[in-house]
Protein chains: 4
Amino acid sequence: MNGVPFRTDLANEAREFIEGYRGGGIPGVEVQEFRTRECRVTRVRVTTPEAGRELGKPPGQYVTIEAPGLLKRSRPVQEEVAQVFVGEFTNLAPLPGDAEVFVVGLGNWQATPDSLGPRVVGQLLVTRHLHDYIPPELRNGLRSVAAIAPGVLGLTGIETGEIVWGVAGRVKPDVVICIDALAARSAERILTTIQLADTGIHPGSGVGNKRVGITRETLGVPVIAVGVPTVVHAATIAYDTIELLVDKFRDRAQFYEIVREMDAGDKRALIDEVLSPYIGDLMVTPKEIDVLILEMSKVLAGAFNAALHPKVDLSRHDITDYLQ
Amino acid sequence: MNGVPFRTDLANEAREFIEGYRGGGIPGVEVQEFRTRECRVTRVRVTTPEAGRELGKPPGQYVTIEAPGLLKRSRPVQEEVAQVFVGEFTNLAPLPGDAEVFVVGLGNWQATPDSLGPRVVGQLLVTRHLHDYIPPELRNGLRSVAAIAPGVLGLTGIETGEIVWGVAGRVKPDVVICIDALAARSAERILTTIQLADTGIHPGSGVGNKRVGITRETLGVPVIAVGVPTVVHAATIAYDTIELLVDKFRDRAQFYEIVREMDAGDKRALIDEVLSPYIGDLMVTPKEIDVLILEMSKVLAGAFNAALHPKVDLSRHDITDYLQ
Amino acid sequence: MNGVPFRTDLANEAREFIEGYRGGGIPGVEVQEFRTRECRVTRVRVTTPEAGRELGKPPGQYVTIEAPGLLKRSRPVQEEVAQVFVGEFTNLAPLPGDAEVFVVGLGNWQATPDSLGPRVVGQLLVTRHLHDYIPPELRNGLRSVAAIAPGVLGLTGIETGEIVWGVAGRVKPDVVICIDALAARSAERILTTIQLADTGIHPGSGVGNKRVGITRETLGVPVIAVGVPTVVHAATIAYDTIELLVDKFRDRAQFYEIVREMDAGDKRALIDEVLSPYIGDLMVTPKEIDVLILEMSKVLAGAFNAALHPKVDLSRHDITDYLQ
Amino acid sequence: MNGVPFRTDLANEAREFIEGYRGGGIPGVEVQEFRTRECRVTRVRVTTPEAGRELGKPPGQYVTIEAPGLLKRSRPVQEEVAQVFVGEFTNLAPLPGDAEVFVVGLGNWQATPDSLGPRVVGQLLVTRHLHDYIPPELRNGLRSVAAIAPGVLGLTGIETGEIVWGVAGRVKPDVVICIDALAARSAERILTTIQLADTGIHPGSGVGNKRVGITRETLGVPVIAVGVPTVVHAATIAYDTIELLVDKFRDRAQFYEIVREMDAGDKRALIDEVLSPYIGDLMVTPKEIDVLILEMSKVLAGAFNAALHPKVDLSRHDITDYLQ
């Protein structure tokens, strides 16, 4: 098999899928896994270009935090996830105390499943404009953070990458963090999984489908991508149905042969017929997507505020103690 | 076959589906169809309880206006649809000039695919509170219209039906109009089809799944239900995939037999596995659902304002000429 | 002086204003005050119809919680305010454990300064529809709560009071709680003060200006009104300017005489001239009204959830542990 | 008198105010005025730096379109205003057919009175990303338009000017158009007046108070600023009250002398006392600000689409005929 059929933005999901086919590990992919009470954390390191091609992900580090308990919208689960996130983020992107941080909330504020990035950015403790006014002795633990939500190509006429480059040229950050809504292959990942990667944003990824990359190569500084699946493409549902059906009748030789002989084009045509006229643009989301995205954006914003401003205890002090 | 597998709220879609199986018309169902430039209008009359059971819809009249051109968000298409709607509405519910009208926008303002009803209601020309202040000679063509968006059970703790009964007991309307977001079987119906019915709202219908009916029986006055499909249940996508696959290999005897012998329970189990853990709560929507619902709510609100206040030409006069 | 010039919905603000004029207490008004770290709590009991007329408030109990620190949006301040609120609410409305509670969020979701009520209601732990499914041994501490946001007259055509009566006739509550945005006289009260009253909602109060009352007299059960000032009428700003000017030159006899001889009508005409053409409809709000209302709605919703479900510790358990 | 007391962003309002004091025209200011059925159009040309200082506006051209009828939200009035706008815009900024246009929606999407710019931008017919795919023969009349809503300093940590410069460095436009919410001195201007200027955006202007300019000097291309007053500062209401009071008693010599002898500092202190603790941050808005801003954003977006794409008749064709 060549690559992952139908898109997932999650490196670990692609890995598990391919290993399922292969029946074993992928050369050039290193995996490390651990569990906390609510989370399964998987660190996947793609070390060779070949492994990258197979996974459909560029070489680099990918961390997924899976916490099915997030669907319960319980504060203790959310707090544990935030804490695990802070640890993994700090591990992936160890920032000096005086790092200039530039956060980019990708996606479309007005389209619910694509609104995660702008929502997180709207809740960040942004400090760059105040930093020079804060006495150095207080500044300790309060990094300079700037943030934008650049909008989407269809509404701006400008590639997101171009906006980010243009603004980064002014802000001159030491690191760029991109937050984006992703597509998963499996519905159970929707709003239960967070991915961190040190590889930046690549064309065609995310719900909003960027066309140009936002990467260390294009920006000259590390780019950390943080994403959460908010949709599954409807085509995936159809595809998985076929696969499961085949699997179910694996022992019925003739059936199995018949469906196996359908090539990728046949399957695609069948699926297109099911989804017409929307085809590529049908998204599968849980009914409660609005409230789940709202909660997830709070969890991520809180986690970022803790990771970026390590000495600020926002549960005990108020933001305005720092900002005014 | 017994009933329609997987839910559609559209009587005409259920009819076409069943006729496809049967290879012919359904006894007790009368169909009339005509076309305009942009619309296909189908009037389905269910005349017997048996036909109702087969369709899964109570006896009564159902009109669907299908206009695929609505996806282009073009003003001329929207205006034609509005005009056809006014004609069909007036035909289905011929109201005396002094009728008291009570409009109910069902659904959840904050959940995009379920927000159609509240959005339409928010744009209606509501007049009941002013009616007594308007001199009778100006009142001509300006009906008394009241409107509420009662919210959803999960947020109110009260069945929508109970709220409507309670308020209707005060308003004492001559007719109740319910506007709701629906589920279709086929993605091509999403936000391209409007259904009008004189049968009211029945338990389990709509995106938000009411549990009690809002009908002539419960309210004592005619209840016109107007709905637009905004989602397809994800299970439908999976189901249709199986059906199409079977159809495709209809001539391959062994395959066909194998899948045919899967009973409804087998299929359901397979589909549940695909959709786990969300199962019943995964919705399929077009990526542009936000803007499509916004546009549709404007079209419907404009059409209602024209249908309910026939002498008010809102393109030439302003609302406040009437209201102040 | 007769009554309070220009409107305040706060009984305590009216009291302080009149006492300022009088230079002493008002017969028939009992006042009790205490402080916590962040709050000043004033309990005003209006015991006679005469006192009520003078204050412009019907006889009954009024509690104001003033916490200027709320403007800092600090979590510890918010938590203290919520705790004080729970105490005062429980004191004012001691509810049996099995009381049926009906909460009404007055105001207009889409008009920011008038949106407090609907926003609080949208975050309540509503349980009435689940109550019968919860085993009695778990139900302890989880009251039956229903809630609606009935909308405003201009959008529904129906008096809010009528909607509440109609729905209450179905819900048959033991107590009704109305949450509303208020107008204060003084800008410093905006979003820093919460008023609780056992007198219900009276015509002409609130930002949205109801025309009919929601009271024990009309509903047959206690009605607790909870309100927060979100605006000052612009006329108040103009009026206060005149008063302060007069005060400033109190010792300059001729000046003082000249302005004193302006009667209420003269002042009103002058103010109308300043505010034309909006006159009665100009509101004064802080620039950050959007975020301040969002925060206040969270504080109030949290406080209500704690007050209504005393055994539910939402910081330690998740809602869905109770609801599913 | 030196400059305009209390802020207005409208050059014509400042001019009328100063001329009222002076009792005559201002040297270096040329004024041209005409009327249509619904609009009063005033073209003010500030030709000298001295005149600019007196008005508090840099030299350049300022056009105001005043249409009190906009408050009635009537479509015919809106259409006339849009038509007048297109004429004045085209006059002020005559663009070649192949001009690259870059539109910037200033302000804060989430703060209603400051949301005008982002709302207009969200409804523009943006084409830059499609322009190369459109055959030249169809491209006629469809200019290349890009647009962003850069957010506000408090949420991004980056001066709006810096974001605009950074992105303009990529887009390389021939003209920049900035849309902003303004503050007026007089409440009657709120959402009834549109100002166009060829002088760009200067520090301290607009509801959101930019600190750096967006001008031809900084960007190297013409910058057209389009603004609509959405608020009056509360201090203005207080100030106007004092002025009117003085005016009213102009013939009562002693009174007049007393108040006249208050210097600017005295007045300011008095006003601060009225508005405490919000002082500079209290805004006066009409109660219906939400719906009035929504309507105005539609009017402006429609007018811009017509002005920028002169051959696109959006009332007869649909956008997607052009874009797909």
# chains A, B, ... in the order shown; residues from 1 in each chain; ligands from 1
>>> residues_around(residues="D:Gly69", least_positions_apart="2", cutoff="9 Å", atoms="only C-alpha atoms", output="compact mmCIF listing (two decimals) with N, CA, C and O atoms, in the first residue's frame")
# COMPACT_ATOMS: atom_id res chain seq x y z
N GLU D 38 -31.88 61.92 0.16
CA GLU D 38 -31.69 61.46 1.53
C GLU D 38 -30.37 61.93 2.16
O GLU D 38 -30.18 61.79 3.36
N CYS D 39 -29.45 62.40 1.33
CA CYS D 39 -28.10 62.67 1.82
C CYS D 39 -27.72 64.14 1.74
O CYS D 39 -28.11 64.84 0.81
N GLU D 66 -24.08 62.47 5.06
CA GLU D 66 -24.98 62.41 6.21
C GLU D 66 -26.37 62.00 5.75
O GLU D 66 -26.95 62.64 4.88
N ALA D 67 -26.90 60.94 6.34
CA ALA D 67 -28.21 60.45 5.93
C ALA D 67 -28.98 59.98 7.17
O ALA D 67 -28.96 58.80 7.51
N LEU D 71 -31.33 55.53 10.00
CA LEU D 71 -31.84 54.95 11.25
C LEU D 71 -33.14 54.19 11.03
O LEU D 71 -33.53 53.36 11.84
N LYS D 72 -33.83 54.50 9.91
CA LYS D 72 -35.09 53.80 9.63
C LYS D 72 -34.86 52.42 9.01
O LYS D 72 -35.77 51.64 8.84
N ARG D 73 -33.59 52.13 8.65
CA ARG D 73 -33.24 50.82 8.08
C ARG D 73 -34.11 50.47 6.88
O ARG D 73 -34.56 49.34 6.73
N SER D 74 -34.29 51.47 6.02
CA SER D 74 -35.13 51.28 4.84
C SER D 74 -34.26 50.98 3.65
O SER D 74 -33.21 51.61 3.45
N VAL D 77 -33.49 53.98 1.17
CA VAL D 77 -32.50 54.93 1.71
C VAL D 77 -31.10 54.32 1.63
O VAL D 77 -30.15 54.95 1.17
N GLN D 78 -31.00 53.06 2.03
CA GLN D 78 -29.69 52.40 2.01
C GLN D 78 -29.12 52.36 0.60
O GLN D 78 -27.92 52.58 0.40
N THR D 192 -25.33 57.41 11.15
CA THR D 192 -26.05 58.13 10.09
C THR D 192 -25.06 58.82 9.15
O THR D 192 -25.50 59.45 8.19
>>> closest_atom_pairs(of="chain D", to="chain C", cutoff="8 Å", atoms="only C-alpha atoms", output="JSON lines")
{"residue": "D:Gln110", "atom": "CA", "partner": "C:Asp290", "partner_atom": "CA", "distance": 7.0}
{"residue": "D:Ala111", "atom": "CA", "partner": "C:Asp290", "partner_atom": "CA", "distance": 5.7}
{"residue": "D:Thr112", "atom": "CA", "partner": "C:Asp290", "partner_atom": "CA", "distance": 7.5}
{"residue": "D:Ser186", "atom": "CA", "partner": "C:Leu275", "partner_atom": "CA", "distance": 7.9}
{"residue": "D:Ala187", "atom": "CA", "partner": "C:Leu275", "partner_atom": "CA", "distance": 6.1}
{"residue": "D:Glu188", "atom": "CA", "partner": "C:Pro277", "partner_atom": "CA", "distance": 5.6}
{"residue": "D:Ala234", "atom": "CA", "partner": "C:Val284", "partner_atom": "CA", "distance": 6.8}
{"residue": "D:Ile237", "atom": "CA", "partner": "C:Ala238", "partner_atom": "CA", "distance": 6.2}
{"residue": "D:Ala238", "atom": "CA", "partner": "C:Ala238", "partner_atom": "CA", "distance": 5.3}
{"residue": "D:Asp240", "atom": "CA", "partner": "C:Val274", "partner_atom": "CA", "distance": 6.4}
{"residue": "D:Thr241", "atom": "CA", "partner": "C:Ala238", "partner_atom": "CA", "distance": 5.7}
{"residue": "D:Ile242", "atom": "CA", "partner": "C:Ile242", "partner_atom": "CA", "distance": 7.1}
{"residue": "D:Leu244", "atom": "CA", "partner": "C:Leu270", "partner_atom": "CA", "distance": 7.1}
{"residue": "D:Leu245", "atom": "CA", "partner": "C:Leu270", "partner_atom": "CA", "distance": 7.5}
{"residue": "D:Gln254", "atom": "CA", "partner": "C:Phe255", "partner_atom": "CA", "distance": 6.9}
{"residue": "D:Phe255", "atom": "CA", "partner": "C:Phe255", "partner_atom": "CA", "distance": 4.9}
{"residue": "D:Ile258", "atom": "CA", "partner": "C:Phe255", "partner_atom": "CA", "distance": 7.4}
{"residue": "D:Leu270", "atom": "CA", "partner": "C:Leu244", "partner_atom": "CA", "distance": 7.1}
{"residue": "D:Ile271", "atom": "CA", "partner": "C:Thr241", "partner_atom": "CA", "distance": 6.9}
{"residue": "D:Val274", "atom": "CA", "partner": "C:Thr241", "partner_atom": "CA", "distance": 6.4}
{"residue": "D:Leu275", "atom": "CA", "partner": "C:Ala187", "partner_atom": "CA", "distance": 6.1}
{"residue": "D:Ser276", "atom": "CA", "partner": "C:Glu188", "partner_atom": "CA", "distance": 6.2}
{"residue": "D:Pro277", "atom": "CA", "partner": "C:Glu188", "partner_atom": "CA", "distance": 5.7}
{"residue": "D:Tyr278", "atom": "CA", "partner": "C:Pro286", "partner_atom": "CA", "distance": 6.8}
{"residue": "D:Asp281", "atom": "CA", "partner": "C:Lys287", "partner_atom": "CA", "distance": 5.3}
{"residue": "D:Leu282", "atom": "CA", "partner": "C:Pro286", "partner_atom": "CA", "distance": 4.4}
{"residue": "D:Met283", "atom": "CA", "partner": "C:Thr285", "partner_atom": "CA", "distance": 5.4}
{"residue": "D:Val284", "atom": "CA", "partner": "C:Val284", "partner_atom": "CA", "distance": 4.4}
{"residue": "D:Thr285", "atom": "CA", "partner": "C:Met283", "partner_atom": "CA", "distance": 5.4}
{"residue": "D:Pro286", "atom": "CA", "partner": "C:Leu282", "partner_atom": "CA", "distance": 4.4}
{"residue": "D:Lys287", "atom": "CA", "partner": "C:Asp281", "partner_atom": "CA", "distance": 5.3}
{"residue": "D:Glu288", "atom": "CA", "partner": "C:Ala111", "partner_atom": "CA", "distance": 7.2}
{"residue": "D:Ile289", "atom": "CA", "partner": "C:Ala111", "partner_atom": "CA", "distance": 7.6}
{"residue": "D:Asp290", "atom": "CA", "partner": "C:Ala111", "partner_atom": "CA", "distance": 5.7}
>>> atom_distance(atom1="atom CA of B:Ile224", atom2="atom CA of B:Asp198")
4.6 Å
>>> residues_around(residues="B:Ala306", least_positions_apart="5", cutoff="12 Å", atoms="only C-alpha atoms", output="list in words")
Glu79, Ala82, Gln83, Val84, Phe85, Val86, Gly87, Phe89, Thr90, Leu124, Leu125, Gly141, Leu142, Arg143, Val299, Leu300, Ala301, Lys311, Val312, Asp313, Leu314 and Ser315 of chain B
>>> residues_around(residues="A:Gly169", least_positions_apart="4", cutoff="10 Å", atoms="only C-alpha atoms", output="PyMOL selection string")
(chain A and resi 163-165+173+219) or (chain D and resi 162-163+165-167+169)
>>> write_last_selection(atoms="all heavy atoms", output="mmCIF file, in the first residue's frame")
data_model
loop_
_atom_site.group_PDB
_atom_site.id
_atom_site.type_symbol
_atom_site.label_atom_id
_atom_site.label_comp_id
_atom_site.auth_asym_id
_atom_site.auth_seq_id
_atom_site.Cartn_x
_atom_site.Cartn_y
_atom_site.Cartn_z
ATOM 1 N N ILE A 163 0.600 36.125 4.905
ATOM 2 C CA ILE A 163 0.297 37.039 6.021
ATOM 3 C C ILE A 163 1.256 36.768 7.176
ATOM 4 O O ILE A 163 1.839 37.685 7.754
ATOM 5 C CB ILE A 163 -1.175 36.879 6.476
ATOM 6 C CG1 ILE A 163 -2.121 37.258 5.334
ATOM 7 C CG2 ILE A 163 -1.451 37.724 7.721
ATOM 8 C CD1 ILE A 163 -3.600 37.114 5.656
ATOM 9 N N VAL A 164 1.458 35.485 7.476
ATOM 10 C CA VAL A 164 2.336 35.139 8.596
ATOM 11 C C VAL A 164 3.763 35.622 8.319
ATOM 12 O O VAL A 164 4.408 36.232 9.180
ATOM 13 C CB VAL A 164 2.302 33.624 8.872
ATOM 14 C CG1 VAL A 164 3.312 33.239 9.949
ATOM 15 C CG2 VAL A 164 0.892 33.208 9.284
ATOM 16 N N TRP A 165 4.247 35.383 7.109
ATOM 17 C CA TRP A 165 5.605 35.854 6.787
ATOM 18 C C TRP A 165 5.697 37.364 6.945
ATOM 19 O O TRP A 165 6.638 37.884 7.517
ATOM 20 C CB TRP A 165 5.984 35.504 5.345
ATOM 21 C CG TRP A 165 5.932 34.054 5.031
ATOM 22 C CD1 TRP A 165 6.065 33.011 5.910
ATOM 23 C CD2 TRP A 165 5.719 33.463 3.749
ATOM 24 N NE1 TRP A 165 5.945 31.820 5.250
ATOM 25 C CE2 TRP A 165 5.734 32.058 3.924
ATOM 26 C CE3 TRP A 165 5.521 33.966 2.455
ATOM 27 C CZ2 TRP A 165 5.555 31.181 2.863
ATOM 28 C CZ3 TRP A 165 5.350 33.097 1.403
ATOM 29 C CH2 TRP A 165 5.357 31.713 1.597
ATOM 30 N N PRO A 173 10.035 37.038 15.669
ATOM 31 C CA PRO A 173 9.918 36.111 16.801
ATOM 32 C C PRO A 173 11.076 35.125 16.840
ATOM 33 O O PRO A 173 11.758 34.908 15.837
ATOM 34 C CB PRO A 173 8.616 35.370 16.496
ATOM 35 C CG PRO A 173 8.544 35.346 15.003
ATOM 36 C CD PRO A 173 9.149 36.654 14.548
ATOM 37 N N LEU A 219 10.268 30.478 7.402
ATOM 38 C CA LEU A 219 10.287 31.576 8.371
ATOM 39 C C LEU A 219 11.642 31.760 9.061
ATOM 40 O O LEU A 219 11.878 32.806 9.673
ATOM 41 C CB LEU A 219 9.209 31.371 9.441
ATOM 42 C CG LEU A 219 7.777 31.511 8.951
ATOM 43 C CD1 LEU A 219 6.802 31.205 10.082
ATOM 44 C CD2 LEU A 219 7.518 32.929 8.439
ATOM 45 N N GLU D 162 1.770 47.941 12.123
ATOM 46 C CA GLU D 162 2.822 46.969 11.810
ATOM 47 C C GLU D 162 2.277 45.788 11.004
ATOM 48 O O GLU D 162 2.926 45.312 10.073
ATOM 49 C CB GLU D 162 3.429 46.408 13.103
ATOM 50 C CG GLU D 162 4.331 47.352 13.870
ATOM 51 C CD GLU D 162 4.971 46.623 15.054
ATOM 52 O OE1 GLU D 162 4.310 46.563 16.111
ATOM 53 O OE2 GLU D 162 6.079 46.097 14.904
ATOM 54 N N ILE D 163 1.095 45.317 11.398
ATOM 55 C CA ILE D 163 0.515 44.188 10.650
ATOM 56 C C ILE D 163 0.219 44.613 9.217
ATOM 57 O O ILE D 163 0.536 43.906 8.266
ATOM 58 C CB ILE D 163 -0.773 43.677 11.350
ATOM 59 C CG1 ILE D 163 -0.430 43.149 12.749
ATOM 60 C CG2 ILE D 163 -1.456 42.603 10.510
ATOM 61 C CD1 ILE D 163 -1.633 42.659 13.547
ATOM 62 N N TRP D 165 1.592 47.042 7.460
ATOM 63 C CA TRP D 165 2.837 47.201 6.688
ATOM 64 C C TRP D 165 3.378 45.850 6.268
ATOM 65 O O TRP D 165 3.806 45.654 5.138
ATOM 66 C CB TRP D 165 3.916 47.909 7.516
ATOM 67 C CG TRP D 165 3.535 49.245 8.008
ATOM 68 C CD1 TRP D 165 2.624 50.096 7.457
ATOM 69 C CD2 TRP D 165 4.049 49.909 9.182
ATOM 70 N NE1 TRP D 165 2.528 51.239 8.224
ATOM 71 C CE2 TRP D 165 3.392 51.159 9.278
ATOM 72 C CE3 TRP D 165 4.996 49.577 10.148
ATOM 73 C CZ2 TRP D 165 3.651 52.057 10.315
ATOM 74 C CZ3 TRP D 165 5.255 50.465 11.166
ATOM 75 C CH2 TRP D 165 4.597 51.701 11.256
ATOM 76 N N GLY D 166 3.411 44.909 7.220
ATOM 77 C CA GLY D 166 3.978 43.597 6.933
ATOM 78 C C GLY D 166 3.233 42.913 5.794
ATOM 79 O O GLY D 166 3.843 42.391 4.858
ATOM 80 N N VAL D 167 1.905 42.936 5.867
ATOM 81 C CA VAL D 167 1.116 42.255 4.836
ATOM 82 C C VAL D 167 1.162 43.023 3.519
ATOM 83 O O VAL D 167 1.263 42.432 2.440
ATOM 84 C CB VAL D 167 -0.334 42.032 5.309
ATOM 85 C CG1 VAL D 167 -1.154 41.333 4.234
ATOM 86 C CG2 VAL D 167 -0.347 41.218 6.601
ATOM 87 N N GLY D 169 3.589 44.596 2.392
ATOM 88 C CA GLY D 169 4.867 44.273 1.768
ATOM 89 C C GLY D 169 4.771 43.022 0.900
ATOM 90 O O GLY D 169 5.534 42.838 -0.040
#
>>> select_by_dssp(residues="stretch 124-240 of chain C", states="strand (DSSP E or B)", output="ChimeraX atom specification")
/C:144-148,175-184,193-197,201,214,223-233
>>> write_last_selection(atoms="N, CA and C atoms", output="CSV table (one decimal), in the first residue's frame")
chain,number,residue,atom,x,y,z
C,144,SER,N,-34.8,20.2,40.7
C,144,SER,CA,-35.4,20.2,39.4
C,144,SER,C,-35.4,21.7,38.9
C,145,VAL,N,-34.6,22.0,37.9
C,145,VAL,CA,-34.5,23.3,37.4
C,145,VAL,C,-34.8,23.4,36.0
C,146,ALA,N,-35.7,24.3,35.6
C,146,ALA,CA,-36.1,24.6,34.2
C,146,ALA,C,-35.7,26.0,33.9
C,147,ALA,N,-35.5,26.3,32.7
C,147,ALA,CA,-35.0,27.7,32.4
C,147,ALA,C,-35.5,28.1,31.0
C,148,ILE,N,-35.9,29.3,30.8
C,148,ILE,CA,-36.1,29.8,29.4
C,148,ILE,C,-35.5,31.2,29.3
C,175,VAL,N,-40.9,28.3,42.7
C,175,VAL,CA,-40.3,29.6,42.8
C,175,VAL,C,-39.9,30.0,41.4
C,176,VAL,N,-40.0,31.3,41.1
C,176,VAL,CA,-39.5,31.8,39.8
C,176,VAL,C,-38.3,32.7,40.0
C,177,ILE,N,-37.3,32.5,39.3
C,177,ILE,CA,-36.1,33.4,39.4
C,177,ILE,C,-35.9,34.2,38.1
C,178,CYS,N,-35.9,35.5,38.1
C,178,CYS,CA,-35.8,36.3,36.9
C,178,CYS,C,-34.4,36.9,36.9
C,179,ILE,N,-33.7,36.8,35.8
C,179,ILE,CA,-32.3,37.4,35.7
C,179,ILE,C,-32.4,38.5,34.6
C,180,ASP,N,-31.9,39.7,34.9
C,180,ASP,CA,-32.1,40.8,34.0
C,180,ASP,C,-30.9,41.8,34.1
C,181,ALA,N,-30.7,42.4,33.0
C,181,ALA,CA,-29.7,43.5,32.9
C,181,ALA,C,-30.5,44.8,33.4
C,182,LEU,N,-29.8,45.6,34.2
C,182,LEU,CA,-30.4,46.8,34.8
C,182,LEU,C,-29.7,48.1,34.3
C,183,ALA,N,-30.4,49.2,34.6
C,183,ALA,CA,-29.8,50.5,34.4
C,183,ALA,C,-29.5,51.1,35.8
C,184,ALA,N,-28.3,51.6,36.0
C,184,ALA,CA,-27.9,52.3,37.2
C,184,ALA,C,-27.9,53.8,37.0
C,193,THR,N,-22.0,45.4,40.4
C,193,THR,CA,-23.0,45.3,41.5
C,193,THR,C,-24.0,44.3,41.0
C,194,ILE,N,-24.5,43.5,42.0
C,194,ILE,CA,-25.5,42.5,41.8
C,194,ILE,C,-26.7,42.8,42.8
C,195,GLN,N,-27.9,42.9,42.3
C,195,GLN,CA,-29.0,43.1,43.2
C,195,GLN,C,-29.9,41.9,43.2
C,196,LEU,N,-30.3,41.5,44.4
C,196,LEU,CA,-31.3,40.4,44.6
C,196,LEU,C,-32.5,41.0,45.2
C,197,ALA,N,-33.7,40.7,44.8
C,197,ALA,CA,-34.9,41.2,45.4
C,197,ALA,C,-36.0,40.1,45.4
C,201,ILE,N,-40.3,41.3,39.1
C,201,ILE,CA,-40.0,42.2,38.0
C,201,ILE,C,-41.2,43.1,37.8
C,214,ILE,N,-43.8,40.6,36.5
C,214,ILE,CA,-43.7,39.1,36.8
C,214,ILE,C,-43.5,39.1,38.3
C,223,VAL,N,-41.3,35.3,43.5
C,223,VAL,CA,-40.5,35.6,42.3
C,223,VAL,C,-39.2,36.4,42.8
C,224,ILE,N,-38.1,35.8,42.6
C,224,ILE,CA,-36.8,36.4,43.0
C,224,ILE,C,-36.2,37.1,41.8
C,225,ALA,N,-35.9,38.4,41.9
C,225,ALA,CA,-35.3,39.1,40.8
C,225,ALA,C,-33.8,39.3,41.0
C,226,VAL,N,-33.0,38.9,40.1
C,226,VAL,CA,-31.6,39.1,40.2
C,226,VAL,C,-31.1,39.9,39.0
C,227,GLY,N,-30.5,41.0,39.3
C,227,GLY,CA,-30.1,41.9,38.2
C,227,GLY,C,-28.7,42.5,38.4
C,228,VAL,N,-28.2,42.9,37.3
C,228,VAL,CA,-26.8,43.5,37.3
C,228,VAL,C,-26.9,44.8,36.4
C,229,PRO,N,-26.5,45.9,36.9
C,229,PRO,CA,-26.5,47.1,36.0
C,229,PRO,C,-25.5,46.9,34.9
C,230,THR,N,-25.9,47.1,33.6
C,230,THR,CA,-24.9,47.1,32.5
C,230,THR,C,-24.9,48.4,31.8
C,231,VAL,N,-25.8,49.3,32.1
C,231,VAL,CA,-25.8,50.6,31.4
C,231,VAL,C,-26.2,51.7,32.4
C,232,VAL,N,-25.8,52.9,32.0
C,232,VAL,CA,-26.4,54.1,32.6
C,232,VAL,C,-27.1,54.8,31.5
C,233,HIS,N,-28.3,55.3,31.7
C,233,HIS,CA,-28.9,56.1,30.6
C,233,HIS,C,-28.1,57.4,30.4
>>> residues_around(residues="C:Lys298", least_positions_apart="6", cutoff="9 Å", atoms="only C-alpha atoms", output="PyMOL selection string")
chain C and resi 119-120+123
>>> write_last_selection(atoms="N, CA and C atoms", output="short mmCIF file (atom, residue, chain, number, x, y, z; two decimals), in the first residue's frame")
data_model
loop_
_atom_site.label_atom_id
_atom_site.label_comp_id
_atom_site.auth_asym_id
_atom_site.auth_seq_id
_atom_site.Cartn_x
_atom_site.Cartn_y
_atom_site.Cartn_z
N ARG C 119 -27.68 34.88 28.60
CA ARG C 119 -26.37 34.25 28.72
C ARG C 119 -26.27 33.40 29.99
N VAL C 120 -26.78 33.92 31.11
CA VAL C 120 -26.72 33.14 32.35
C VAL C 120 -27.53 31.85 32.17
N GLN C 123 -26.01 28.88 30.57
CA GLN C 123 -24.94 28.16 31.27
C GLN C 123 -25.44 27.44 32.53
#
>>> residues_around(residues="stretch 45-55 of chain B", least_positions_apart="6", cutoff="9 Å", atoms="only C-alpha atoms", output="list in words")
Asn2, Gly3, Val4, Ala11, Asn12, Ala14, Arg15, Ile18, Ile26, Pro27, Gly28, Val29, Glu30, Val31, Gln32, Gln61, Tyr62 and Val63 of chain B
>>> select_by_dssp(residues="stretch 16-237 of chain C", states="helix (DSSP H, G or I)", output="PyMOL selection string")
chain C and resi 16-22+49-55+68-72+75-92+112-114+116-122+131-133+136-139+153-156+160-171+187-189+216-219+234-237
>>> atom_distance(atom1="atom CA of A:Gly206", atom2="atom CA of A:Ser115")
11.2 Å
